[in-house]
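The structure appears below as structure tokens.
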Number of protein chains: 4
Amino acid sequence: MPVNIGLIGLGMIGRDHLQRFSSVINNARVTAVCDINSGVADMLARQYQAEAFYDAIEMIQSDSVDAIFICSIGPVHKEQILAAIKAGKPVFCEKPLTPTAAESKEIIEAETAYGKRLLQLGFMRRFDPGYIALKQGINSELGEILLMHCAHRNPSVPESYTLEMAINDSATHEIDIIRYLLDENIVSVRVDKPRKKTSRALPHLQDPLIVIFETESGVRIDDELFVNCNYGYDICCEVVGENAIASLTEQALNVTRSASGVGRHIAKTCMERFATAYDREVQNFIDNISNGKAMSGPSSWDGYVVALVCDAGLASLKDGQKHEVTVPPCPALYRQP
Amino acid sequence: MPVNIGLIGLGMIGRDHLQRFSSVINNARVTAVCDINSGVADMLARQYQAEAFYDAIEMIQSDSVDAIFICSIGPVHKEQILAAIKAGKPVFCEKPLTPTAAESKEIIEAETAYGKRLLQLGFMRRFDPGYIALKQGINSELGEILLMHCAHRNPSVPESYTLEMAINDSATHEIDIIRYLLDENIVSVRVDKPRKKTSRALPHLQDPLIVIFETESGVRIDDELFVNCNYGYDICCEVVGENAIASLTEQALNVTRSASGVGRHIAKTCMERFATAYDREVQNFIDNISNGKAMSGPSSWDGYVVALVCDAGLASLKDGQKHEVTVPPCPALYRQP
Amino acid sequence: MPVNIGLIGLGMIGRDHLQRFSSVINNARVTAVCDINSGVADMLARQYQAEAFYDAIEMIQSDSVDAIFICSIGPVHKEQILAAIKAGKPVFCEKPLTPTAAESKEIIEAETAYGKRLLQLGFMRRFDPGYIALKQGINSELGEILLMHCAHRNPSVPESYTLEMAINDSATHEIDIIRYLLDENIVSVRVDKPRKKTSRALPHLQDPLIVIFETESGVRIDDELFVNCNYGYDICCEVVGENAIASLTEQALNVTRSASGVGRHIAKTCMERFATAYDREVQNFIDNISNGKAMSGPSSWDGYVVALVCDAGLASLKDGQKHEVTVPPCPALYRQP
Amino acid sequence: MPVNIGLIGLGMIGRDHLQRFSSVINNARVTAVCDINSGVADMLARQYQAEAFYDAIEMIQSDSVDAIFICSIGPVHKEQILAAIKAGKPVFCEKPLTPTAAESKEIIEAETAYGKRLLQLGFMRRFDPGYIALKQGINSELGEILLMHCAHRNPSVPESYTLEMAINDSATHEIDIIRYLLDENIVSVRVDKPRKKTSRALPHLQDPLIVIFETESGVRIDDELFVNCNYGYDICCEVVGENAIASLTEQALNVTRSASGVGRHIAKTCMERFATAYDREVQNFIDNISNGKAMSGPSSWDGYVVALVCDAGLASLKDGQKHEVTVPPCPALYRQP
């Protein structure tokens, strides 16, 4: 029996997931879609043979959906997630969990009260084969990890991209993946603003930025955020261990010898770079439901802790100082077995 | 409604597909399994909650299956495929279609009489992202194709591997993929036996071999078959065009800097190298059924033509001469739109 | 007529240069060698058919030498260089120019008084084909430079290696090459000591370190100094420009497919990695003499400015703060034409 | 005392060597230049402060030259080499040794009569660091060699390039390097003319060609000759051993991340690709003279044997058949110690 999905928020990422459910995902179907823009909801409902809702809470409570997929904007996440938990329905939520750490805490409390993990957060990189291989290397041949060098490069960003988004939308991915790779928390953040910025950035943006993280055990990570790099969507991650060093590749399929030399393709967009990761995170969500398991993958707790780190990052963005992050003990519900 | 699959042949590849249906494939479930070894059939039926059959024809005719998955040995393929066609049921068949070209012809006639493509053949490489990217390069930037250099390397082969299998089991993949990449037939084959063979091969095997193909338009392809290469399962393909040259990569996920230098992983087995391709070929089969479409992907005709080329290869293996391949005109049913 | 060289200091690097003169260098011969250890001086004089000196100043003044090659320890550099300048003889000096910036200033004054560049400093990286290609990229396709990421990794260091040497002996190379690549001065230095250090380092060493430089125009450079990296002598340099990014390669000659994957060699020692650079810097010194030109390549001024940056680095090593570097205007003698 | 060189033939390669002597080569100077075009001889004599000759034999006999450098056209090589041997003067000769194997034999006889190797042949690839590393791999980690795959690609060739030159000028380099790498002779040659040729070739040229060599021990080598490949001067060589496989790299100095992906430079010309090899072969010639040693490196015997293989290649070019090569026993003078 396929899982009946109710999908909220029919913007770019929402439509991308709709398409994914119809073409790639196993054992699930979108039976309801919801958007405050009723025209959009009606149109996509027709296109994908689903029921249209204009009110998220109503849809969450409807018997026609077994699980909830949240692609709406951050400020409404808390209310929708809490409604799903109240209904006892599994919920996938696109990042960020909530705009503030305080709100995330409420979700953790509700989920803890429910007694079982119901939520998977959309940190898709944990499902990228490249990062998974990197984690295998960390757990085997690299030895004690000492440093990481990351880069997060976009070809360009729209005018709506603000300096804060460099932390909340871009660095947030590295924050999560650092915790995933190293199995420990980040304890400090410092944002370095290089004096020189690219002329390709809009006037309000400082681009690039360098963010420096430190983990509990003392691993130092630098993360270059360069969102107008011009040439591609290029995610780099080099993990420096005592024995050896491992890095992500471009996952290129071909190598070409041409007048411009011998070369490999670099992705142009996030969707291209993480296509497999997006498919797998969603299938993981469905598989846990189908198999009657609690949710696995990135959790509310991960969302909360990442929000704490982002808060420190935003503070550092303002004053350039190093800011400590104090992470409370992880509740039992969210501890890895 | 998921497609109900009846799977015949519970050897290594059969079990691999069983596992794939249970964990990866969308919109399908294996409802019946069949093996002449009833103990094996019973055991796997229990494990996967399917019905056990010991007679393939009986299972093919059973109402409990919508589509047939053939993983049995080559000599019984013809009978099973013809039964599936007679029952009007879609059928996936592992390569080879049949051991001889003559038998394949009977299948083509039956399918043609039925009036619609019912069969997909298990040439999984056509679903490998690397080969697909290579085909895109061929169709765009490479210019007129002049040459191809291929290598097909296994770490080692079991004692049961015969010299003929170098053609029928190993080269067969390149034969199919050459036709796929270049959209034309192979018109001649010549097998070169290098005087020197690896000491790692068993005494009865000439290893490596070089096979040289020529296509209708005159593209010359050399294919190194080296099935005791020791180091990995390494599939190489370099396409030489008038403008540029493109090759498959190892599709490595990480690059490691260590005492042995800076390196990328090479797959150790066929299953590892073509994991994605196997998943996608099966999903393609199911998706066509779900969507009520005729079969796409490698066809009976492809199986037949590859068998013709293999026959020429086997003849050349004996006398070392170049053998021509005469391919009849492609029936309308099998022509690409 | 070959240039007659008097070489001072017959330790490891001195002997390496002796061998280089006898086997690689054009238009020069070592006619005199000097070491305070007379036994060593006698032995190598015999071996290379040169005259033995035990007193550097005496040798510098001797008519039997046209040019001086200083491979002695830093504290005696100033006296020897000043003697060479007084004698009007070209002088090649291994780095550092002098242990302190103050001493370097005396050399600049003496050379300026002489009126012509007589000294070339042993920053061999400027002669490495990889760095030269990087500079060409910077001057052409990369666009405005924004960031650089460097790593300086040694397999291990001897017990005598101190924390200060991480700045004065290791980072000094990046300090020089940054100025060479970007054609501008460094204006600040900050040393970050990651809390975690490799267990392979001796107890007195903090290893790795991260040094962060900023240039006049605002380019931010991070430099990982990791002198017990275990796997190789690995010098990395990635230059991030507005249009594109370029990095050094390992300059590997072969790629190998083996059980450990597909890989390229990484150098094990500085001598291996910079073999060509060492040859070319010495030939450059000789060629300028042969052609009656003033010295080119790294100058006393470069040595002085690098010493100023090192001083700031040493201060930061103590207090962890960012230290500004004030570079006086470059005297006319040292300005590039 | 520098070696006084008399250089014959002031065409492209002759001028290239003149420049090399004046800027790179140690312990030698060109004291005489010779060309049948007296204007050219006079001009370059003036430019390089050498004596001008218009008659090669006269220059060879002159006391003003210690050693001879032959860059003239092939048909006059024999006379000039024999004159040099008669004069007991070391002689460097650009390939081919002579246009026919028969003439080469005369040279071998003269040199054998003289009793000491006086000649080094211009097969510069033996001095390429990449090929040298490949040979080290062959002698160490690769295990027994079974196959080689070579490609010899030029961006384009002038109108004067004939089909025979594909053997005598292009394949000749692989013929020599195969013998160098494998330390054994080639015993058969077969030229395959692919039916399809590039439209970039002039009408009289079949391009590409595939040449297949077999060595005494049975190693099979295929060599793609593609002299209008459009994109670069690209020399590929993959050596397949029982344990592992090694290939030449492009010897790239930088890797660039840009809109066209992540790539490395490929050389555009022979001079660029083999710059180091050219320098080293000439220095090797001079060093042997300076040290009073017999010549090392490629010999008259190598030139003769390569000519025998080329003769078989030219025969195969005509009839498409495999042609055997019978190499007489190597005279004692030319045997490696």
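Going through the structure tokens in order, the chains are called A, B, and so on, while each chain numbers its residues from 1 and the ligands are numbered from 1 in the order shown.
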
Give me, as a PyMOL selection string, the residues of chain A touching chain C, with the criterion being at most 9 Å (counting only C-alpha atoms). chain A and resi 144-147+194-200+208+214+217-220+228-231+240-245

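For region 12-24 of chain D, the list of residues within 9 Å, based on only C-alpha atoms and with local chain neighbours fewer than 3 positions off taken out, reads Ile25, Asn26, Gln283 and Asp287 of chain C; Leu7, Ile8, Gly9, Ala28, Arg29, Val30, Val33, Leu44, Tyr48, Phe69, Ile70, Cys71, Ser72, Glu94, Tyr278, Asp279, Val282 and Gln283 of chain D.
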
All residues 9 Å or closer to His173 (chain A), only C-alpha atoms, same chain fewer than 2 positions away omitted, as a ChimeraX atom specification: /A:123-125,168-171,175-178,306

Can you list, as number ranges by chain, every residue of region 9-149 of chain A that DSSP puts in strand (DSSP E or B)? A: 28-34, 51-53, 67-70, 91-93, 119-121, 145-149

Give the helix (DSSP H, G or I) residues of region 69-149 of chain A, as DSSP finds them on the backbone, and put them as a ChimeraX atom specification. /A:74-87,101-114,124-127,129-139
